[in-house]
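Data block below; observations after.
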Amino acid sequence: MNSLTMKKDNCIGVFDSGVGGISELKELVQLLPNENYIYYGDSLHAPYGEKTPEQVFELVNRVVRYLLSQDVKAIVIACNTATSVAVSRLREMYPEISIIGMEPALKKAVSTEKRNKVLVMATPVTLHLEKYRQLQRKLEAQADFVSVECPGLAKRIERGDFEAEDLKMMLRGFLEPYRGTVDNVVLGCTHYPFVKKQIHEILGDLPLIDGGKGTSSQVKRLLEEKNLLNDQSNPGSIRFESSMGTEEEIQNYKNLYDLYEV
Ligand code: DGL
């Protein structure tokens, strides 16, 4: 299907390594409630953030090909890790479709009034790749960034039970050294917004910044430009799918979607 044959009521494909992208899906539905969505979680292969970039690329390309086979009109990579690894290559490979990625929202954490100290939480892959380094370099004149790799955190969030002591202990391990020393926190992985409350418990009432709203606005802009916004007046549909292939996992996605507040 090329962009001329895409229809306004085709779905927007949204995907992540697992449950993380559900936080972005909720933002999208809030801004574009009349759109139809397919949410695909690659939970069988999560986490992406601790694999090699080549492994991540292969997994992501597989999901993109699947979404294209479902005639989606745009693809949202609701995953910072997958975006860092794959977005440029995917745009070259599939020029017919709008592919919208996510990156840690460093720009939003910078202030014109004072030099902020910004803590950036993300997966090891995101923080090691050149894309992130470039982004940070561009803003280094305006703020101080402390990058904290959080291996294991996305995988733990996949398992749910966000009030459990093991999860809180893991977060304390990553964050306690910075208590009282930073002005705000960038959540550079779409899994992390699910544990905002637990992060606040450790760091206090700091602004926690994610790229959710910026990404959904970008999706709206691109669909507008291509005259592909769905103009139906009824609420759209959401179809959840998972590489786990179990009803239990789909129910897990639906529960998280209902629980998450944007
Ligand atoms: N949710 C993802 C991100 O935004 C990836 C987490 C993972 O699979 O490691 O980076």
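Every chain in the structure tokens has a letter given in the order shown (A, B, ...), and although residue numbers restart at 1 in each chain, ligands are simply numbered from 1 in the order shown.
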
With a cut-off of 10 Å, could you pull out the residues of chain A touching ligand 1 and give me the nearest pair of atoms for each, distance in Å to one decimal, using only C-alpha atoms and all ligand atoms, ordered by chain and ascending number, as a Markdown table?
```
| residue | atom | partner | partner_atom_place_in_ligand_line | distance |
| --- | --- | --- | --- | --- |
| A:Phe15 | CA | ligand 1 | 1 (N) | 9.3 |
| A:Asp16 | CA | ligand 1 | 1 (N) | 5.9 |
| A:Ser17 | CA | ligand 1 | 8 (O) | 4.7 |
| A:Gly18 | CA | ligand 1 | 8 (O) | 6.6 |
| A:Val19 | CA | ligand 1 | 1 (N) | 7.4 |
| A:Gly20 | CA | ligand 1 | 1 (N) | 4.5 |
| A:Gly21 | CA | ligand 1 | 1 (N) | 6.2 |
| A:Ile22 | CA | ligand 1 | 1 (N) | 9.3 |
| A:Ser23 | CA | ligand 1 | 1 (N) | 9.4 |
| A:Glu24 | CA | ligand 1 | 4 (O) | 9.8 |
| A:Gly41 | CA | ligand 1 | 1 (N) | 9.8 |
| A:Asp42 | CA | ligand 1 | 8 (O) | 8.7 |
| A:Ser43 | CA | ligand 1 | 8 (O) | 8.3 |
| A:His45 | CA | ligand 1 | 8 (O) | 7.9 |
| A:Ala46 | CA | ligand 1 | 8 (O) | 4.7 |
| A:Pro47 | CA | ligand 1 | 8 (O) | 3.2 |
| A:Tyr48 | CA | ligand 1 | 8 (O) | 3.7 |
| A:Gly49 | CA | ligand 1 | 9 (O) | 3.3 |
| A:Glu50 | CA | ligand 1 | 9 (O) | 6.1 |
| A:Lys51 | CA | ligand 1 | 9 (O) | 8.2 |
| A:Val56 | CA | ligand 1 | 8 (O) | 9.2 |
| A:Ile77 | CA | ligand 1 | 4 (O) | 8.8 |
| A:Ala78 | CA | ligand 1 | 4 (O) | 6.5 |
| A:Cys79 | CA | ligand 1 | 4 (O) | 3.5 |
| A:Asn80 | CA | ligand 1 | 4 (O) | 3.8 |
| A:Thr81 | CA | ligand 1 | 10 (O) | 3.9 |
| A:Ala82 | CA | ligand 1 | 10 (O) | 6.7 |
| A:Thr83 | CA | ligand 1 | 10 (O) | 8.1 |
| A:Ser84 | CA | ligand 1 | 10 (O) | 8.6 |
| A:Gly101 | CA | ligand 1 | 4 (O) | 9.9 |
| A:Met102 | CA | ligand 1 | 4 (O) | 7.6 |
| A:Glu103 | CA | ligand 1 | 4 (O) | 8.0 |
| A:Pro104 | CA | ligand 1 | 4 (O) | 8.4 |
| A:Met121 | CA | ligand 1 | 10 (O) | 9.7 |
| A:Ala122 | CA | ligand 1 | 10 (O) | 6.5 |
| A:Thr123 | CA | ligand 1 | 9 (O) | 5.8 |
| A:Pro124 | CA | ligand 1 | 9 (O) | 8.1 |
| A:Val125 | CA | ligand 1 | 9 (O) | 8.0 |
| A:Thr126 | CA | ligand 1 | 10 (O) | 6.7 |
| A:Leu127 | CA | ligand 1 | 10 (O) | 9.8 |
| A:Cys150 | CA | ligand 1 | 9 (O) | 9.0 |
| A:Pro151 | CA | ligand 1 | 9 (O) | 7.8 |
| A:Gly152 | CA | ligand 1 | 9 (O) | 7.8 |
| A:Leu153 | CA | ligand 1 | 9 (O) | 7.8 |
| A:Ala154 | CA | ligand 1 | 6 (C) | 5.0 |
| A:Lys155 | CA | ligand 1 | 9 (O) | 6.7 |
| A:Arg156 | CA | ligand 1 | 9 (O) | 10.0 |
| A:Ile157 | CA | ligand 1 | 6 (C) | 9.3 |
| A:Glu158 | CA | ligand 1 | 8 (O) | 9.0 |
| A:Leu187 | CA | ligand 1 | 4 (O) | 8.7 |
| A:Gly188 | CA | ligand 1 | 4 (O) | 6.3 |
| A:Cys189 | CA | ligand 1 | 4 (O) | 3.2 |
| A:Thr190 | CA | ligand 1 | 4 (O) | 3.9 |
| A:His191 | CA | ligand 1 | 1 (N) | 4.7 |
| A:Tyr192 | CA | ligand 1 | 1 (N) | 7.7 |
| A:Pro193 | CA | ligand 1 | 1 (N) | 9.8 |
| A:Gly211 | CA | ligand 1 | 4 (O) | 9.8 |
```

Which neighbours of Glu35 in chain A fall inside 8 Å, counting only C-alpha atoms, when residues of the same chain fewer than 2 positions from it are skipped, and could you give them as number ranges by chain?
-> A: 9, 11-12, 29, 32-33, 37, 229-230, 235-237

Saved selection, atoms kept: N, CA, C and O atoms, as a PDB file, in the first residue's frame:
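Just written: selection-v5.pdb:
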```pdb
ATOM      1  N   ASP A   9      -9.600   5.826   7.752  1.00  0.00           N
ATOM      2  CA  ASP A   9     -10.012   4.960   8.862  1.00  0.00           C
ATOM      3  C   ASP A   9      -9.079   3.754   9.056  1.00  0.00           C
ATOM      4  O   ASP A   9      -9.338   2.894   9.890  1.00  0.00           O
ATOM      5  N   CYS A  11      -5.873   1.856  10.632  1.00  0.00           N
ATOM      6  CA  CYS A  11      -5.360   1.979  12.013  1.00  0.00           C
ATOM      7  C   CYS A  11      -4.016   2.709  12.050  1.00  0.00           C
ATOM      8  O   CYS A  11      -3.264   2.709  11.081  1.00  0.00           O
ATOM      9  N   ILE A  12      -3.743   3.278  13.225  1.00  0.00           N
ATOM     10  CA  ILE A  12      -2.380   3.715  13.549  1.00  0.00           C
ATOM     11  C   ILE A  12      -1.754   2.536  14.302  1.00  0.00           C
ATOM     12  O   ILE A  12      -2.334   2.036  15.260  1.00  0.00           O
ATOM     13  N   VAL A  29      -4.601   8.345  22.392  1.00  0.00           N
ATOM     14  CA  VAL A  29      -6.064   8.256  22.399  1.00  0.00           C
ATOM     15  C   VAL A  29      -6.661   9.531  23.000  1.00  0.00           C
ATOM     16  O   VAL A  29      -7.709  10.000  22.552  1.00  0.00           O
ATOM     17  N   LEU A  32      -6.188  12.012  20.054  1.00  0.00           N
ATOM     18  CA  LEU A  32      -6.838  11.597  18.801  1.00  0.00           C
ATOM     19  C   LEU A  32      -7.825  10.458  19.091  1.00  0.00           C
ATOM     20  O   LEU A  32      -7.602   9.299  18.713  1.00  0.00           O
ATOM     21  N   PRO A  33      -8.931  10.790  19.779  1.00  0.00           N
ATOM     22  CA  PRO A  33      -9.834   9.724  20.239  1.00  0.00           C
ATOM     23  C   PRO A  33     -10.613   9.037  19.122  1.00  0.00           C
ATOM     24  O   PRO A  33     -11.133   7.938  19.327  1.00  0.00           O
ATOM     25  N   TYR A  37      -6.694   2.034  16.507  1.00  0.00           N
ATOM     26  CA  TYR A  37      -5.308   1.693  16.842  1.00  0.00           C
ATOM     27  C   TYR A  37      -5.096   0.180  16.876  1.00  0.00           C
ATOM     28  O   TYR A  37      -5.975  -0.563  17.305  1.00  0.00           O
ATOM     29  N   LEU A 229      -6.121  12.231   8.856  1.00  0.00           N
ATOM     30  CA  LEU A 229      -6.785  12.167  10.173  1.00  0.00           C
ATOM     31  C   LEU A 229      -8.162  11.550   9.997  1.00  0.00           C
ATOM     32  O   LEU A 229      -8.887  11.901   9.056  1.00  0.00           O
ATOM     33  N   ASN A 230      -8.536  10.684  10.889  1.00  0.00           N
ATOM     34  CA  ASN A 230      -9.839  10.022  10.800  1.00  0.00           C
ATOM     35  C   ASN A 230     -10.937  11.036  11.141  1.00  0.00           C
ATOM     36  O   ASN A 230     -10.918  11.625  12.225  1.00  0.00           O
ATOM     37  N   PRO A 235     -15.959   7.322  18.894  1.00  0.00           N
ATOM     38  CA  PRO A 235     -14.653   6.913  19.403  1.00  0.00           C
ATOM     39  C   PRO A 235     -14.087   5.767  18.558  1.00  0.00           C
ATOM     40  O   PRO A 235     -14.838   4.902  18.106  1.00  0.00           O
ATOM     41  N   GLY A 236     -12.770   5.781  18.345  1.00  0.00           N
ATOM     42  CA  GLY A 236     -12.153   4.722  17.546  1.00  0.00           C
ATOM     43  C   GLY A 236     -11.977   3.442  18.357  1.00  0.00           C
ATOM     44  O   GLY A 236     -12.378   3.361  19.525  1.00  0.00           O
ATOM     45  N   SER A 237     -11.344   2.441  17.730  1.00  0.00           N
ATOM     46  CA  SER A 237     -11.164   1.153  18.406  1.00  0.00           C
ATOM     47  C   SER A 237      -9.686   0.949  18.758  1.00  0.00           C
ATOM     48  O   SER A 237      -8.814   1.593  18.172  1.00  0.00           O
TER      49      SER A 237
END
```

Nearest residue to Gln134 in chain A from the set A:Glu249, A:Leu106, A:Arg115, A:Leu256 (distances using only C-alpha atoms) =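 Smallest distance to Gln134 in chain A is found for A:Leu106.
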
Can you tell me, as a PDB file with C-alpha atoms, in the first residue's frame, which residues in range 12-157 of chain A count as strand (DSSP E) by DSSP?
```pdb
ATOM      1  CA  ILE A  12      -2.380   3.715  13.549  1.00  0.00           C
ATOM      2  CA  GLY A  13       0.112   0.994  14.551  1.00  0.00           C
ATOM      3  CA  VAL A  14       1.765   1.563  17.929  1.00  0.00           C
ATOM      4  CA  PHE A  15       4.395  -0.782  19.310  1.00  0.00           C
ATOM      5  CA  ASP A  16       6.946  -1.334  22.010  1.00  0.00           C
ATOM      6  CA  TYR A  37      -5.308   1.693  16.842  1.00  0.00           C
ATOM      7  CA  ILE A  38      -3.404  -1.588  16.826  1.00  0.00           C
ATOM      8  CA  TYR A  39      -1.156  -1.868  19.861  1.00  0.00           C
ATOM      9  CA  TYR A  40       1.554  -4.515  19.470  1.00  0.00           C
ATOM     10  CA  GLY A  41       3.696  -5.482  22.461  1.00  0.00           C
ATOM     11  CA  ALA A  74       1.267   5.413  10.393  1.00  0.00           C
ATOM     12  CA  ILE A  75       3.605   3.614  12.776  1.00  0.00           C
ATOM     13  CA  VAL A  76       4.488   4.944  16.215  1.00  0.00           C
ATOM     14  CA  ILE A  77       7.609   3.395  17.725  1.00  0.00           C
ATOM     15  CA  SER A  98       5.053   7.898   8.376  1.00  0.00           C
ATOM     16  CA  ILE A  99       7.191   6.429  11.144  1.00  0.00           C
ATOM     17  CA  ILE A 100       7.183   8.427  14.359  1.00  0.00           C
ATOM     18  CA  ASN A 116      18.959  22.728  35.559  1.00  0.00           C
ATOM     19  CA  LYS A 117      20.573  19.546  36.743  1.00  0.00           C
ATOM     20  CA  VAL A 118      18.678  16.860  34.857  1.00  0.00           C
ATOM     21  CA  LEU A 119      18.649  13.168  35.715  1.00  0.00           C
ATOM     22  CA  VAL A 120      17.981  11.008  32.649  1.00  0.00           C
ATOM     23  CA  MET A 121      16.742   7.452  33.235  1.00  0.00           C
ATOM     24  CA  ALA A 122      16.878   5.142  30.211  1.00  0.00           C
ATOM     25  CA  ALA A 143      21.906  22.181  31.505  1.00  0.00           C
ATOM     26  CA  ASP A 144      23.873  19.508  33.331  1.00  0.00           C
ATOM     27  CA  PHE A 145      22.787  15.963  32.536  1.00  0.00           C
ATOM     28  CA  VAL A 146      23.333  12.903  34.682  1.00  0.00           C
ATOM     29  CA  SER A 147      22.491   9.735  32.756  1.00  0.00           C
ATOM     30  CA  VAL A 148      21.435   6.717  34.774  1.00  0.00           C
ATOM     31  CA  GLU A 149      21.214   3.367  33.016  1.00  0.00           C
TER      32      GLU A 149
END
```

Using CA of Ala141 in chain A and CA of Lys107 in chain A as the two end points, give the distance in Å to one decimal.
->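 That distance, rounded to one decimal, is 12.0 Å.
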
Apply DSSP to the backbone of this structure and, from range 34-230 of chain A, keep only the residues in helix (DSSP H, G or I); write these as a ChimeraX atom specification.
-> /A:43-45,53-69,80-93,106-109,124-128,130-139,153-158,165-178,192-203,212-225

Kindly give the distance, in Å, that separates CA of Glu261 in chain A and CA of Asn234 in chain A, rounded to a single decimal.
->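 Value for the CA of Glu261 in chain A-CA of Asn234 in chain A distance: 21.9 Å.
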
Contacts of Glu165 in chain A at 12 Å (only C-alpha atoms; same-chain gap of 6+ positions) as a ChimeraX atom specification | /A:156,171-172,198

Separation of CA of Phe162 in chain A and CA of Thr52 in chain A, in Å?
->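 For CA of Phe162 in chain A relative to CA of Thr52 in chain A, the distance reads 27.5 Å.
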